[in-house]
Protein chains: 2
Amino acid sequence: MSGFQINHIAIVVSDLSNALGFWRDALGLPVGRLEQNDTEQVEIAFLPVGGAEIELISPTSGETGVGRYLAKTGGGLHHLCLEVPDIDAALKSLADAHVELINAAPNTRDDGTRYAFVHPRSTGGVLLELYELPVPKAEA
Amino acid sequence: MSGFQINHIAIVVSDLSNALGFWRDALGLPVGRLEQNDTEQVEIAFLPVGGAEIELISPTSGETGVGRYLAKTGGGLHHLCLEVPDIDAALKSLADAHVELINAAPNTRDDGTRYAFVHPRSTGGVLLELYELPVPKAEA
């Protein structure tokens, strides 16, 4: 094991109900939870798939990154998120290799997840998110 | 558990060596194996990530689907492959829901994996591959 895991695949959709009509109703994936994020101006459906998730992201504004992606492409595969064991080490290794980082230092979500994005220009066209998950409290 | 798993994420790249310079050398993913597939006119690097794989696919011809995708987009996230417990049942459910299937019936790889593609027109822009893995011989 390398310590890497796929955390999620994000798919930008124009309409969450339509998207759930395919992914949940026709294909049969379970829906873990639904989230309305007014700060990021998106609605998200989280669909667990094994230990990973498919995230269906529907922008509620055309002014955000995902809103512009939807307008440009009509929707589709948006980004890949990989869990790494040590995000500081990963970002240093990428910077040393002259990889273009969207976030040179990680941000932290409310749940303690540390994350950073790598620019598609350095990955061959893939918007890549890196996660370092928080250590569970029992182990902290 | 729903029986669904992410099997692989396929990324189309223009040059496999350059792509490995990012995914293997800078990011640190292991490379499981390299394959040259003359029938499909592609070279593929398989990078295991947890129980799934990232497949870096480099077309050796502009006349194939991935060759045209590369010419049109410059490369990037190409398709998502999900393992399903019963591909015949999945395809019947999708057809009943009027989902457009690229393969109405599954094809079978040499290793016994049965697979079919779902058209991006029915998924909100995602080329989706479904796999039903062969039953291991010890259980057959």
# chains A, B, ... in the order shown; residues from 1 in each chain; ligands from 1
$ interface_residues --of "chain A" --to "chain B" --cutoff "7 Å" --atoms "only C-alpha atoms" --output "JSON, numbers by chain"
{"A": [1, 4, 5, 6, 13, 19, 22, 26, 27, 49, 50, 75, 76, 77, 90, 93, 94, 97, 123, 124, 125, 126]}
$ write_last_selection --atoms "all heavy atoms" --output "short mmCIF file (atom, residue, chain, number, x, y, z; two decimals), in the first residue's frame"
data_model
loop_
_atom_site.label_atom_id
_atom_site.label_comp_id
_atom_site.auth_asym_id
_atom_site.auth_seq_id
_atom_site.Cartn_x
_atom_site.Cartn_y
_atom_site.Cartn_z
N MET A 1 0.84 -1.19 0.00
CA MET A 1 0.00 0.00 0.00
C MET A 1 0.88 1.24 0.00
O MET A 1 1.81 1.36 0.77
CB MET A 1 -0.89 0.01 1.24
CG MET A 1 -1.90 -1.12 1.27
SD MET A 1 -3.13 -0.96 -0.05
CE MET A 1 -3.93 0.55 0.44
N PHE A 4 -1.86 6.15 -0.77
CA PHE A 4 -2.79 6.93 -1.60
C PHE A 4 -4.13 6.21 -1.68
O PHE A 4 -4.18 4.97 -1.69
CB PHE A 4 -2.23 7.09 -3.02
CG PHE A 4 -1.02 7.96 -3.12
CD1 PHE A 4 0.26 7.41 -3.06
CD2 PHE A 4 -1.14 9.33 -3.30
CE1 PHE A 4 1.39 8.22 -3.17
CE2 PHE A 4 -0.01 10.14 -3.41
CZ PHE A 4 1.25 9.57 -3.34
N GLN A 5 -5.20 7.00 -1.74
CA GLN A 5 -6.55 6.46 -1.93
C GLN A 5 -7.32 7.45 -2.79
O GLN A 5 -7.08 8.66 -2.67
CB GLN A 5 -7.29 6.33 -0.59
CG GLN A 5 -6.71 5.35 0.40
CD GLN A 5 -7.10 3.91 0.10
OE1 GLN A 5 -8.04 3.67 -0.64
NE2 GLN A 5 -6.35 2.98 0.67
N ILE A 6 -8.23 6.96 -3.61
CA ILE A 6 -9.18 7.88 -4.23
C ILE A 6 -10.19 8.27 -3.16
O ILE A 6 -10.85 7.41 -2.57
CB ILE A 6 -9.90 7.22 -5.44
CG1 ILE A 6 -8.88 6.95 -6.56
CG2 ILE A 6 -11.03 8.13 -5.94
CD1 ILE A 6 -9.46 6.21 -7.76
N VAL A 13 -22.83 18.95 -12.60
CA VAL A 13 -24.10 18.69 -13.28
C VAL A 13 -24.93 19.97 -13.32
O VAL A 13 -24.79 20.85 -12.45
CB VAL A 13 -24.89 17.56 -12.58
CG1 VAL A 13 -24.05 16.29 -12.48
CG2 VAL A 13 -25.37 17.98 -11.19
N ALA A 19 -29.61 14.58 -12.41
CA ALA A 19 -28.42 13.75 -12.22
C ALA A 19 -28.74 12.56 -11.33
O ALA A 19 -28.32 11.43 -11.60
CB ALA A 19 -27.28 14.58 -11.64
N PHE A 22 -30.32 9.65 -12.98
CA PHE A 22 -29.43 8.65 -13.59
C PHE A 22 -28.66 7.88 -12.52
O PHE A 22 -28.77 6.66 -12.42
CB PHE A 22 -28.43 9.30 -14.57
CG PHE A 22 -27.42 8.29 -15.04
CD1 PHE A 22 -27.79 7.29 -15.92
CD2 PHE A 22 -26.13 8.29 -14.53
CE1 PHE A 22 -26.88 6.31 -16.31
CE2 PHE A 22 -25.21 7.31 -14.92
CZ PHE A 22 -25.60 6.33 -15.81
N ALA A 26 -31.56 5.13 -11.90
CA ALA A 26 -31.36 4.17 -12.99
C ALA A 26 -30.18 3.24 -12.69
O ALA A 26 -30.28 2.03 -12.86
CB ALA A 26 -31.12 4.91 -14.31
N LEU A 27 -29.06 3.80 -12.20
CA LEU A 27 -27.87 2.98 -11.96
C LEU A 27 -27.94 2.27 -10.61
O LEU A 27 -27.41 1.16 -10.46
CB LEU A 27 -26.62 3.85 -12.05
CG LEU A 27 -25.28 3.14 -12.00
CD1 LEU A 27 -25.14 2.12 -13.14
CD2 LEU A 27 -24.12 4.14 -12.07
N VAL A 49 -19.22 4.99 -2.87
CA VAL A 49 -18.91 3.90 -3.80
C VAL A 49 -17.70 3.19 -3.22
O VAL A 49 -16.57 3.67 -3.36
CB VAL A 49 -18.56 4.43 -5.21
CG1 VAL A 49 -18.42 3.26 -6.19
CG2 VAL A 49 -19.61 5.40 -5.71
N GLY A 50 -17.92 2.05 -2.57
CA GLY A 50 -16.81 1.43 -1.85
C GLY A 50 -16.33 2.41 -0.79
O GLY A 50 -17.13 3.03 -0.09
N GLY A 75 -21.07 20.27 -18.40
CA GLY A 75 -20.97 19.34 -17.26
C GLY A 75 -20.18 18.11 -17.61
O GLY A 75 -19.94 17.80 -18.77
N GLY A 76 -19.76 17.40 -16.55
CA GLY A 76 -18.98 16.18 -16.74
C GLY A 76 -17.97 16.02 -15.62
O GLY A 76 -18.07 16.68 -14.58
N LEU A 77 -16.98 15.14 -15.86
CA LEU A 77 -15.95 14.88 -14.85
C LEU A 77 -15.19 16.17 -14.57
O LEU A 77 -14.63 16.77 -15.49
CB LEU A 77 -14.98 13.80 -15.37
CG LEU A 77 -15.55 12.38 -15.50
CD1 LEU A 77 -14.58 11.50 -16.29
CD2 LEU A 77 -15.83 11.77 -14.14
N ALA A 90 3.80 16.13 0.28
CA ALA A 90 3.38 16.02 -1.12
C ALA A 90 3.52 17.36 -1.83
O ALA A 90 4.05 17.43 -2.95
CB ALA A 90 1.93 15.53 -1.19
N SER A 93 7.18 18.14 -2.49
CA SER A 93 7.69 17.35 -3.60
C SER A 93 7.21 17.91 -4.94
O SER A 93 7.99 18.01 -5.90
CB SER A 93 7.24 15.89 -3.44
OG SER A 93 7.52 15.16 -4.61
N LEU A 94 5.95 18.32 -4.99
CA LEU A 94 5.41 18.88 -6.23
C LEU A 94 6.06 20.22 -6.55
O LEU A 94 6.42 20.49 -7.70
CB LEU A 94 3.88 19.02 -6.12
CG LEU A 94 3.11 17.70 -6.01
CD1 LEU A 94 1.63 17.96 -5.74
CD2 LEU A 94 3.28 16.86 -7.27
N ALA A 97 9.38 19.87 -7.95
CA ALA A 97 9.34 19.41 -9.35
C ALA A 97 8.74 20.47 -10.27
O ALA A 97 8.44 20.18 -11.43
CB ALA A 97 8.52 18.12 -9.44
N THR A 123 -0.76 18.72 -14.74
CA THR A 123 -1.15 17.32 -14.58
C THR A 123 -1.61 16.69 -15.89
O THR A 123 -2.13 15.57 -15.89
CB THR A 123 -2.35 17.21 -13.60
OG1 THR A 123 -3.47 17.87 -14.22
CG2 THR A 123 -2.06 17.86 -12.26
N GLY A 124 -1.48 17.42 -16.99
CA GLY A 124 -2.02 16.92 -18.26
C GLY A 124 -3.52 17.12 -18.36
O GLY A 124 -4.23 16.31 -18.95
N GLY A 125 -4.03 18.18 -17.74
CA GLY A 125 -5.43 18.54 -17.95
C GLY A 125 -6.38 18.08 -16.86
O GLY A 125 -7.60 18.22 -17.00
N VAL A 126 -5.84 17.53 -15.78
CA VAL A 126 -6.69 17.04 -14.69
C VAL A 126 -6.62 18.01 -13.51
O VAL A 126 -5.52 18.27 -12.99
CB VAL A 126 -6.22 15.64 -14.21
CG1 VAL A 126 -7.06 15.17 -13.02
CG2 VAL A 126 -6.28 14.65 -15.36
#
$ residues_around --residues "Thr39 of chain A" --least-positions-apart "5" --cutoff "12 Å" --atoms "only C-alpha atoms" --output "NGL selection string"
:A and (59-61 or 64)
$ select_by_dssp --residues "chain A" --states "alpha helix (DSSP H)" --output "MDAnalysis selection string"
chainID A and resid 16:20 65:73 87:96
$ select_by_dssp --residues "segment 44-118 of chain A" --states "strand (DSSP E or B)" --output "number ranges by chain"
A: 44-49, 52-59, 76-83, 101, 107-108, 114-118
